[in-house]
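What follows is the content of upload00.pdb (PDB, C-alpha atoms).
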```
ATOM      1  CA  MET A  28     -64.168  11.350 -19.448
ATOM      2  CA  ARG A  29     -63.097   9.301 -16.463
ATOM      3  CA  TYR A  30     -59.571   8.999 -15.112
ATOM      4  CA  PHE A  31     -57.851   6.875 -12.488
ATOM      5  CA  VAL A  32     -55.230   8.440 -10.205
ATOM      6  CA  ILE A  33     -52.608   6.288  -8.450
ATOM      7  CA  PHE A  34     -50.931   8.039  -5.535
ATOM      8  CA  ASP A  35     -49.088   7.678  -2.201
ATOM      9  CA  TYR A  36     -49.520   9.583   1.016
ATOM     10  CA  ASP A  37     -48.198   9.895   4.529
ATOM     11  CA  GLY A  38     -51.383  10.163   6.576
ATOM     12  CA  GLY A  39     -49.727  11.307   9.800
ATOM     13  CA  GLN A  40     -50.986  14.887   9.585
ATOM     14  CA  TYR A  41     -54.462  14.176   8.225
ATOM     15  CA  CYS A  42     -57.873  13.180   9.557
ATOM     16  CA  GLY A  43     -58.046  10.256   7.124
ATOM     17  CA  TRP A  44     -58.941  10.029   3.449
ATOM     18  CA  GLN A  45     -62.587  11.103   3.425
ATOM     19  CA  ARG A  46     -63.570  14.772   3.336
ATOM     20  CA  GLN A  47     -64.825  16.067   6.716
ATOM     21  CA  PRO A  48     -66.353  19.404   7.739
ATOM     22  CA  ASN A  49     -63.948  19.976  10.639
ATOM     23  CA  GLY A  50     -60.609  18.519   9.628
ATOM     24  CA  VAL A  51     -57.990  18.420   6.885
ATOM     25  CA  THR A  52     -58.166  15.192   4.869
ATOM     26  CA  ILE A  53     -56.299  13.691   1.931
ATOM     27  CA  GLN A  54     -59.401  13.928  -0.243
ATOM     28  CA  SER A  55     -60.005  17.612   0.478
ATOM     29  CA  VAL A  56     -56.379  18.597  -0.177
ATOM     30  CA  MET A  57     -56.220  16.641  -3.429
ATOM     31  CA  GLU A  58     -59.577  17.877  -4.693
ATOM     32  CA  GLU A  59     -58.511  21.453  -4.088
ATOM     33  CA  ALA A  60     -55.296  20.911  -6.063
ATOM     34  CA  PHE A  61     -57.107  19.206  -8.964
ATOM     35  CA  SER A  62     -59.783  21.907  -9.048
ATOM     36  CA  THR A  63     -57.192  24.686  -9.012
ATOM     37  CA  ILE A  64     -55.185  23.301 -11.929
ATOM     38  CA  LEU A  65     -58.103  22.079 -14.060
ATOM     39  CA  ARG A  66     -60.212  25.161 -13.234
ATOM     40  CA  ASP A  67     -63.260  23.049 -12.563
ATOM     41  CA  GLU A  68     -64.887  21.481  -9.511
ATOM     42  CA  ILE A  69     -63.244  18.045  -9.278
ATOM     43  CA  ALA A  70     -64.539  15.271  -7.000
ATOM     44  CA  LEU A  71     -62.395  12.236  -6.228
ATOM     45  CA  THR A  72     -63.728   8.782  -5.297
ATOM     46  CA  GLY A  73     -61.162   6.590  -3.561
ATOM     47  CA  ALA A  74     -60.711   2.805  -3.531
ATOM     48  CA  GLY A  75     -60.668   2.878   0.272
ATOM     49  CA  ARG A  76     -61.372   5.152   3.218
ATOM     50  CA  THR A  77     -58.325   5.145   5.459
ATOM     51  CA  ASP A  78     -58.677   6.437   9.031
ATOM     52  CA  ALA A  79     -56.783   9.327  10.601
ATOM     53  CA  GLY A  80     -53.036   8.743  10.656
ATOM     54  CA  VAL A  81     -53.086   5.782   8.246
ATOM     55  CA  HIS A  82     -50.752   5.817   5.233
ATOM     56  CA  ALA A  83     -51.168   4.582   1.652
ATOM     57  CA  ARG A  84     -49.055   3.320  -1.212
ATOM     58  CA  ASN A  85     -50.698   2.859  -4.608
ATOM     59  CA  MET A  86     -54.052   4.223  -3.504
ATOM     60  CA  VAL A  87     -56.488   4.594  -6.412
ATOM     61  CA  ALA A  88     -59.160   7.237  -6.977
ATOM     62  CA  HIS A  89     -61.212   8.287  -9.978
ATOM     63  CA  PHE A  90     -62.497  11.623 -11.242
ATOM     64  CA  ASP A  91     -64.427  12.931 -14.242
ATOM     65  CA  PHE A  92     -63.314  15.788 -16.492
ATOM     66  CA  ASP A  93     -64.475  16.675 -20.015
ATOM     67  CA  GLY A  94     -61.610  18.942 -21.009
ATOM     68  CA  ASN A  95     -58.241  18.022 -22.500
ATOM     69  CA  PHE A  96     -54.959  17.598 -20.660
ATOM     70  CA  ASP A  97     -51.740  15.632 -20.894
ATOM     71  CA  CYS A  98     -51.658  13.032 -18.090
ATOM     72  CA  GLY A  99     -47.906  13.300 -17.537
ATOM     73  CA  GLN A 100     -47.953  17.094 -17.459
ATOM     74  CA  LEU A 101     -50.920  17.133 -15.064
ATOM     75  CA  THR A 102     -49.098  14.697 -12.775
ATOM     76  CA  ARG A 103     -46.063  16.994 -12.644
ATOM     77  CA  ARG A 104     -48.172  20.109 -12.033
ATOM     78  CA  LEU A 105     -50.123  18.438  -9.241
ATOM     79  CA  ASN A 106     -46.967  17.216  -7.524
ATOM     80  CA  SER A 107     -45.553  20.747  -7.582
ATOM     81  CA  LEU A 108     -48.741  22.056  -5.927
ATOM     82  CA  LEU A 109     -49.554  19.275  -3.460
ATOM     83  CA  PRO A 110     -47.817  19.135  -0.044
ATOM     84  CA  LYS A 111     -44.753  16.898   0.182
ATOM     85  CA  ASP A 112     -46.639  14.154   2.045
ATOM     86  CA  ILE A 113     -48.891  13.439  -0.978
ATOM     87  CA  ALA A 114     -47.436  12.224  -4.293
ATOM     88  CA  ILE A 115     -49.230  11.446  -7.563
ATOM     89  CA  LYS A 116     -47.648   8.459  -9.332
ATOM     90  CA  GLU A 117     -49.850   8.142 -12.418
ATOM     91  CA  ILE A 118     -53.011   9.479 -14.041
ATOM     92  CA  LYS A 119     -54.621   7.415 -16.785
ATOM     93  CA  HIS A 120     -57.793   7.462 -18.854
ATOM     94  CA  VAL A 121     -60.243   4.612 -18.163
ATOM     95  CA  THR A 122     -63.644   3.567 -19.485
ATOM     96  CA  GLU A 123     -66.644   5.646 -18.453
ATOM     97  CA  GLY A 124     -68.083   3.037 -16.087
ATOM     98  CA  ALA A 125     -64.840   2.271 -14.255
ATOM     99  CA  HIS A 126     -65.167   2.838 -10.498
ATOM    100  CA  ALA A 127     -62.197   3.038  -8.125
ATOM    101  CA  ARG A 128     -64.195   1.734  -5.172
ATOM    102  CA  PHE A 129     -66.863  -0.607  -6.509
ATOM    103  CA  ASP A 130     -64.697  -2.273  -9.179
ATOM    104  CA  ALA A 131     -61.903  -3.182  -6.756
ATOM    105  CA  LYS A 132     -61.955  -6.971  -6.307
ATOM    106  CA  LYS A 133     -59.231  -7.106  -3.675
ATOM    107  CA  ARG A 134     -57.612  -4.645  -1.297
ATOM    108  CA  LYS A 135     -54.376  -5.144   0.601
ATOM    109  CA  TYR A 136     -52.999  -3.633   3.817
ATOM    110  CA  GLU A 137     -49.765  -3.970   5.777
ATOM    111  CA  TYR A 138     -49.185  -3.338   9.456
ATOM    112  CA  HIS A 139     -45.624  -2.635  10.651
ATOM    113  CA  ILE A 140     -44.357  -3.426  14.144
ATOM    114  CA  LEU A 141     -40.921  -2.223  15.247
ATOM    115  CA  ARG A 142     -39.071  -4.769  17.384
ATOM    116  CA  LYS A 143     -35.998  -2.682  18.277
ATOM    117  CA  LYS A 144     -35.502   1.030  18.679
ATOM    118  CA  ASN A 145     -34.860   2.521  15.255
ATOM    119  CA  PRO A 146     -35.112   6.257  14.532
ATOM    120  CA  PHE A 147     -35.904   5.725  10.833
ATOM    121  CA  TYR A 148     -39.046   3.633  11.386
ATOM    122  CA  ARG A 149     -40.462   5.395  14.446
ATOM    123  CA  ASP A 150     -43.135   7.371  12.535
ATOM    124  CA  TYR A 151     -44.305   4.403  10.460
ATOM    125  CA  SER A 152     -44.357   1.482  12.899
ATOM    126  CA  CYS A 153     -45.810   0.576  16.273
ATOM    127  CA  ALA A 154     -43.000  -0.193  18.722
ATOM    128  CA  ILE A 155     -43.371  -3.477  20.622
ATOM    129  CA  TYR A 156     -40.217  -4.631  22.359
ATOM    130  CA  TYR A 157     -41.557  -7.515  24.474
ATOM    131  CA  PRO A 158     -41.368 -11.109  23.136
ATOM    132  CA  LEU A 159     -43.839 -12.213  20.462
ATOM    133  CA  ASP A 160     -44.243 -15.731  19.063
ATOM    134  CA  VAL A 161     -44.387 -15.157  15.303
ATOM    135  CA  LYS A 162     -45.150 -18.815  14.588
ATOM    136  CA  ILE A 163     -48.352 -18.857  16.634
ATOM    137  CA  MET A 164     -49.312 -15.427  15.250
ATOM    138  CA  ASN A 165     -49.154 -16.947  11.766
ATOM    139  CA  GLU A 166     -51.245 -19.894  12.957
ATOM    140  CA  GLY A 167     -53.811 -17.368  14.173
ATOM    141  CA  ALA A 168     -53.665 -15.480  10.873
ATOM    142  CA  LYS A 169     -54.543 -18.686   8.998
ATOM    143  CA  ARG A 170     -57.778 -18.912  11.005
ATOM    144  CA  LEU A 171     -58.909 -15.615   9.486
ATOM    145  CA  LEU A 172     -58.923 -16.962   5.942
ATOM    146  CA  GLY A 173     -62.160 -17.461   4.033
ATOM    147  CA  ARG A 174     -65.552 -15.806   4.260
ATOM    148  CA  LYS A 175     -66.402 -14.923   7.848
ATOM    149  CA  ASP A 176     -68.375 -12.404   9.872
ATOM    150  CA  PHE A 177     -65.774  -9.978  11.270
ATOM    151  CA  HIS A 178     -68.141  -7.948  13.429
ATOM    152  CA  SER A 179     -65.783  -8.525  16.385
ATOM    153  CA  PHE A 180     -63.088  -6.464  14.638
ATOM    154  CA  SER A 181     -65.229  -3.575  13.407
ATOM    155  CA  LYS A 182     -65.743  -0.172  14.948
ATOM    156  CA  VAL A 183     -69.215   0.130  16.427
ATOM    157  CA  HIS A 184     -72.064   2.165  14.916
ATOM    158  CA  THR A 185     -70.784   1.912  11.339
ATOM    159  CA  ASP A 186     -73.112   2.198   8.363
ATOM    160  CA  VAL A 187     -72.707  -1.242   6.749
ATOM    161  CA  ASN A 188     -75.259  -3.830   5.616
ATOM    162  CA  ASN A 189     -73.233  -6.782   6.910
ATOM    163  CA  TYR A 190     -69.895  -7.680   8.453
ATOM    164  CA  TYR A 191     -68.874 -10.455   6.065
ATOM    165  CA  CYS A 192     -65.457 -10.262   4.427
ATOM    166  CA  ASP A 193     -63.552 -12.726   2.256
ATOM    167  CA  ILE A 194     -59.938 -12.791   3.437
ATOM    168  CA  TYR A 195     -57.624 -14.249   0.791
ATOM    169  CA  GLU A 196     -54.289 -13.992   2.586
ATOM    170  CA  ALA A 197     -53.038 -13.047   6.036
ATOM    171  CA  PHE A 198     -49.504 -13.621   7.282
ATOM    172  CA  TRP A 199     -46.591 -12.211   9.271
ATOM    173  CA  LYS A 200     -42.986 -11.902   8.133
ATOM    174  CA  GLU A 201     -39.873 -10.590   9.867
ATOM    175  CA  ILE A 202     -37.635  -8.122   8.034
ATOM    176  CA  ASP A 203     -34.668  -6.629   9.879
ATOM    177  CA  ASP A 204     -36.052  -4.881  12.984
ATOM    178  CA  GLN A 205     -39.674  -5.139  11.877
ATOM    179  CA  MET A 206     -42.574  -7.564  11.847
ATOM    180  CA  ILE A 207     -44.928  -6.907   8.948
ATOM    181  CA  PHE A 208     -48.487  -8.222   8.778
ATOM    182  CA  THR A 209     -50.009  -8.475   5.294
ATOM    183  CA  ILE A 210     -53.723  -8.991   4.761
ATOM    184  CA  GLU A 211     -55.753  -9.033   1.550
ATOM    185  CA  ALA A 212     -59.546  -9.204   1.299
ATOM    186  CA  ASN A 213     -62.448  -8.191  -0.894
ATOM    187  CA  ARG A 214     -63.423  -5.511   1.641
ATOM    188  CA  PHE A 215     -62.466  -4.218   5.076
ATOM    189  CA  LEU A 216     -64.605  -2.876   7.898
ATOM    190  CA  ARG A 217     -63.721   0.334   9.740
ATOM    191  CA  GLY A 218     -60.866  -0.323  12.152
ATOM    192  CA  MET A 219     -60.742  -3.994  11.146
ATOM    193  CA  VAL A 220     -57.043  -4.406  10.390
ATOM    194  CA  ARG A 221     -55.843  -2.620  13.518
ATOM    195  CA  ALA A 222     -58.215  -4.682  15.691
ATOM    196  CA  ILE A 223     -57.050  -7.920  14.066
ATOM    197  CA  VAL A 224     -53.414  -6.975  14.618
ATOM    198  CA  GLY A 225     -54.092  -6.112  18.256
ATOM    199  CA  THR A 226     -55.705  -9.521  18.754
ATOM    200  CA  LEU A 227     -52.854 -11.371  17.038
ATOM    201  CA  VAL A 228     -50.363  -9.462  19.210
ATOM    202  CA  ASP A 229     -52.273 -10.712  22.266
ATOM    203  CA  LEU A 230     -51.927 -14.209  20.812
ATOM    204  CA  GLY A 231     -48.198 -13.806  20.196
ATOM    205  CA  ALA A 232     -47.673 -12.439  23.695
ATOM    206  CA  GLY A 233     -49.471 -15.420  25.247
ATOM    207  CA  ARG A 234     -52.383 -13.412  26.582
ATOM    208  CA  ILE A 235     -54.866 -15.511  24.578
ATOM    209  CA  LYS A 236     -54.802 -18.975  22.953
ATOM    210  CA  LEU A 237     -55.696 -20.076  19.423
ATOM    211  CA  ASP A 238     -59.063 -21.372  20.602
ATOM    212  CA  ASP A 239     -59.744 -17.967  22.140
ATOM    213  CA  LEU A 240     -59.259 -16.406  18.701
ATOM    214  CA  ASP A 241     -61.976 -18.662  17.290
ATOM    215  CA  ARG A 242     -64.316 -17.649  20.108
ATOM    216  CA  ILE A 243     -63.571 -13.963  19.523
ATOM    217  CA  ILE A 244     -64.532 -14.277  15.856
ATOM    218  CA  GLU A 245     -67.715 -16.175  16.707
ATOM    219  CA  SER A 246     -68.728 -13.727  19.458
ATOM    220  CA  HIS A 247     -69.496 -10.860  17.015
ATOM    221  CA  ASP A 248     -68.540  -8.567  19.920
ATOM    222  CA  ARG A 249     -65.842  -5.892  19.494
ATOM    223  CA  CYS A 250     -65.234  -5.911  23.253
ATOM    224  CA  CYS A 251     -63.885  -9.464  23.009
ATOM    225  CA  ALA A 252     -61.126  -8.630  20.513
ATOM    226  CA  GLY A 253     -57.779  -6.959  21.189
ATOM    227  CA  GLN A 254     -56.999  -3.267  21.300
ATOM    228  CA  SER A 255     -56.892  -1.180  18.151
ATOM    229  CA  MET A 256     -53.245  -0.654  17.264
ATOM    230  CA  ASP A 257     -51.678   2.727  16.543
ATOM    231  CA  ALA A 258     -52.701   4.101  13.137
ATOM    232  CA  LYS A 259     -49.147   5.093  12.160
ATOM    233  CA  GLY A 260     -48.181   1.439  11.567
ATOM    234  CA  LEU A 261     -50.942   0.814   9.004
ATOM    235  CA  PHE A 262     -50.530   1.131   5.234
ATOM    236  CA  PHE A 263     -52.998   0.639   2.409
ATOM    237  CA  VAL A 264     -50.751  -0.962  -0.209
ATOM    238  CA  GLY A 265     -52.932  -1.587  -3.224
ATOM    239  CA  ALA A 266     -56.158  -2.609  -4.935
ATOM    240  CA  LYS A 267     -56.722  -5.178  -7.663
ATOM    241  CA  TYR A 268     -59.300  -4.691 -10.400
TER
END
```
What do you get writing this file as structure tokens?
Amino acid sequence: MRYFVIFDYDGGQYCGWQRQPNGVTIQSVMEEAFSTILRDEIALTGAGRTDAGVHARNMVAHFDFDGNFDCGQLTRRLNSLLPKDIAIKEIKHVTEGAHARFDAKKRKYEYHILRKKNPFYRDYSCAIYYPLDVKIMNEGAKRLLGRKDFHSFSKVHTDVNNYYCDIYEAFWKEIDDQMIFTIEANRFLRGMVRAIVGTLVDLGAGRIKLDDLDRIIESHDRCCAGQSMDAKGLFFVGAKY
């Protein structure tokens, strides 16, 4: 039988979601916990593959298991075994063909920028204290909408067939001492959100103009876009099926 797992994690101490031979990852830690409790080799398939240091709220993964268990009891047992920076929210039975990655129609991320020194946000935001024009950053975000080739915002040498993504929403909002960028799309390339944010920060700081943003997108050249922002400000915040 197939099950979906909904969970949160603080990615600060991990080498990303995906299992690696030479680093501790969210996937490897969770699979070990599941396998220990269910006494079977459990493999998890996630809705996304977050990079090192990136966080997640409402991440989804699926696994297969033919035995019997109570979903609520398994959730409690896993949370008692997992480290405190990973928390299972829900486990539920789904149809056999359901796929956490391939069935996701939309994925959403947030990027948090800290505008004033604040000890409570320091580990989950990128600090930028110089002036930023939020209005023009939102004008730039609007130019990302629709189906476009986002090669300019992808890490190089990635194993993808194409660089097209459909972006459904992209906008900035100010909350207290933070600026939060929200972006939702059908798929994301490796490093895409952090590169987009770095480019929009350049726009807000006056280092580039709106027309430059259009040229960056059309260039299909990662060297033309802004710097990749610090991973600690990035959150996967959900998938829609």
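Using all atoms listed in the file, the protein and nucleic acid residues lying no more than 8 Å from Glu59 of chain A, apart from those fewer than 4 places from it along its own chain, are A:Ser55, A:Thr63, A:Ile69.
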- Task: Pull out every residue that the PyMOL selection byres ((chain A and resi 240) around 9) matches in the shown coordinates and put them as a VMD selection string.
- Result: chain A and resid 167 170 226 to 227 230 235 to 239 241 to 245 252
Under the PyMOL selection byres ((chain A and resi 34) around 12), which residues of this model are included? Write them out as a PDB file with C-alpha atoms, keeping the file's coordinate frame.
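Okay, this is what ended up in selection.pdb:
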```pdb
ATOM      1  CA  PHE A  31     -57.851   6.875 -12.488  1.00  0.00           C
ATOM      2  CA  VAL A  32     -55.230   8.440 -10.205  1.00  0.00           C
ATOM      3  CA  ILE A  33     -52.608   6.288  -8.450  1.00  0.00           C
ATOM      4  CA  ASP A  35     -49.088   7.678  -2.201  1.00  0.00           C
ATOM      5  CA  TYR A  36     -49.520   9.583   1.016  1.00  0.00           C
ATOM      6  CA  ASP A  37     -48.198   9.895   4.529  1.00  0.00           C
ATOM      7  CA  ILE A  53     -56.299  13.691   1.931  1.00  0.00           C
ATOM      8  CA  GLN A  54     -59.401  13.928  -0.243  1.00  0.00           C
ATOM      9  CA  MET A  57     -56.220  16.641  -3.429  1.00  0.00           C
ATOM     10  CA  GLY A  73     -61.162   6.590  -3.561  1.00  0.00           C
ATOM     11  CA  ALA A  74     -60.711   2.805  -3.531  1.00  0.00           C
ATOM     12  CA  HIS A  82     -50.752   5.817   5.233  1.00  0.00           C
ATOM     13  CA  ALA A  83     -51.168   4.582   1.652  1.00  0.00           C
ATOM     14  CA  ARG A  84     -49.055   3.320  -1.212  1.00  0.00           C
ATOM     15  CA  ASN A  85     -50.698   2.859  -4.608  1.00  0.00           C
ATOM     16  CA  MET A  86     -54.052   4.223  -3.504  1.00  0.00           C
ATOM     17  CA  VAL A  87     -56.488   4.594  -6.412  1.00  0.00           C
ATOM     18  CA  ALA A  88     -59.160   7.237  -6.977  1.00  0.00           C
ATOM     19  CA  HIS A  89     -61.212   8.287  -9.978  1.00  0.00           C
ATOM     20  CA  THR A 102     -49.098  14.697 -12.775  1.00  0.00           C
ATOM     21  CA  LEU A 105     -50.123  18.438  -9.241  1.00  0.00           C
ATOM     22  CA  ASN A 106     -46.967  17.216  -7.524  1.00  0.00           C
ATOM     23  CA  LEU A 109     -49.554  19.275  -3.460  1.00  0.00           C
ATOM     24  CA  ASP A 112     -46.639  14.154   2.045  1.00  0.00           C
ATOM     25  CA  ILE A 113     -48.891  13.439  -0.978  1.00  0.00           C
ATOM     26  CA  ALA A 114     -47.436  12.224  -4.293  1.00  0.00           C
ATOM     27  CA  ILE A 115     -49.230  11.446  -7.563  1.00  0.00           C
ATOM     28  CA  LYS A 116     -47.648   8.459  -9.332  1.00  0.00           C
ATOM     29  CA  GLU A 117     -49.850   8.142 -12.418  1.00  0.00           C
ATOM     30  CA  ILE A 118     -53.011   9.479 -14.041  1.00  0.00           C
ATOM     31  CA  LYS A 119     -54.621   7.415 -16.785  1.00  0.00           C
ATOM     32  CA  PHE A 263     -52.998   0.639   2.409  1.00  0.00           C
ATOM     33  CA  VAL A 264     -50.751  -0.962  -0.209  1.00  0.00           C
ATOM     34  CA  GLY A 265     -52.932  -1.587  -3.224  1.00  0.00           C
ATOM     35  CA  ALA A 266     -56.158  -2.609  -4.935  1.00  0.00           C
TER      36      ALA A 266
END
```
- Message: From the options A:Ile163, A:Arg149, A:Tyr268, A:Gln45, which residue's atoms come nearest to His126 of chain A, counting all atoms listed in the file?
- Response: A:Tyr268
- Using all atoms listed in the file, which of the listed residues (A:Ile140, A:Val56, A:Ala168, A:Ala70) sits closest to Asp203 of chain A? A:Ile140
- A:Asp257, A:Asp248, A:Asp204, A:Glu58 ranked by distance to Phe147 of chain A, top pick (using all atoms listed in the file): A:Asp204
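The coordinates place atom CA of Tyr41 of chain A at 12.4 Å from atom CA of Arg76 of chain A.
Taking atom CA of Ile194 of chain A and atom CA of Asp176 of chain A as the two end points, the separation is 10.6 Å.
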- Task: Around the point (-64.0, -0.3, 16.1) in the file's coordinates, collect all residues with an atom within 12 Å, using all atoms listed in the file, and return them as a ChimeraX atom specification.
- Result: /A:78,177-185,215-223,225,247-256
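From atom CA of Cys98 of chain A back to atom CA of Leu65 of chain A, the distance works out to 11.8 Å.
Of the listed residues A:Met206, A:Lys259, A:Thr72, A:Met28, the one whose atoms come nearest to Arg46 of chain A is A:Thr72, with distances taken using all atoms listed in the file.
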- Task: Show me as a VMD selection string the residues that reach within 9 Å of (-51.5, 20.5, 7.2), counting only C-alpha atoms and using the file's own coordinates.
- Result: chain A and resid 40 to 41 51 to 52 110
- Message: For the provided coordinates, the residues matched by the PyMOL selection byres ((chain A and resi 158) around 9) should be stated as a PyMOL selection string.
- Response: chain A and resi 142+155-157+159-160+231-232
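Take the candidates A:Phe96, A:Tyr195, A:Tyr148, A:Tyr30 and check each one against Val121 of chain A using only C-alpha atoms; the shortest distance goes to A:Tyr30.
The smallest atom-to-atom distance between Gly50 of chain A and any of A:Ile64, A:Thr122, A:Ala79, A:Lys132, using only C-alpha atoms, is found for A:Ala79.
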Kindly list the centre and edge lengths in Å, rounded to one decimal, for the axis-aligned box that covers all listed atoms of segment 155-161 of chain A plus 3 Å on each of its six sides, as JSON.
```
{"center_x": -42.3, "center_y": -9.6, "center_z": 19.9, "size_x": 10.2, "size_y": 18.3, "size_z": 15.2}
```
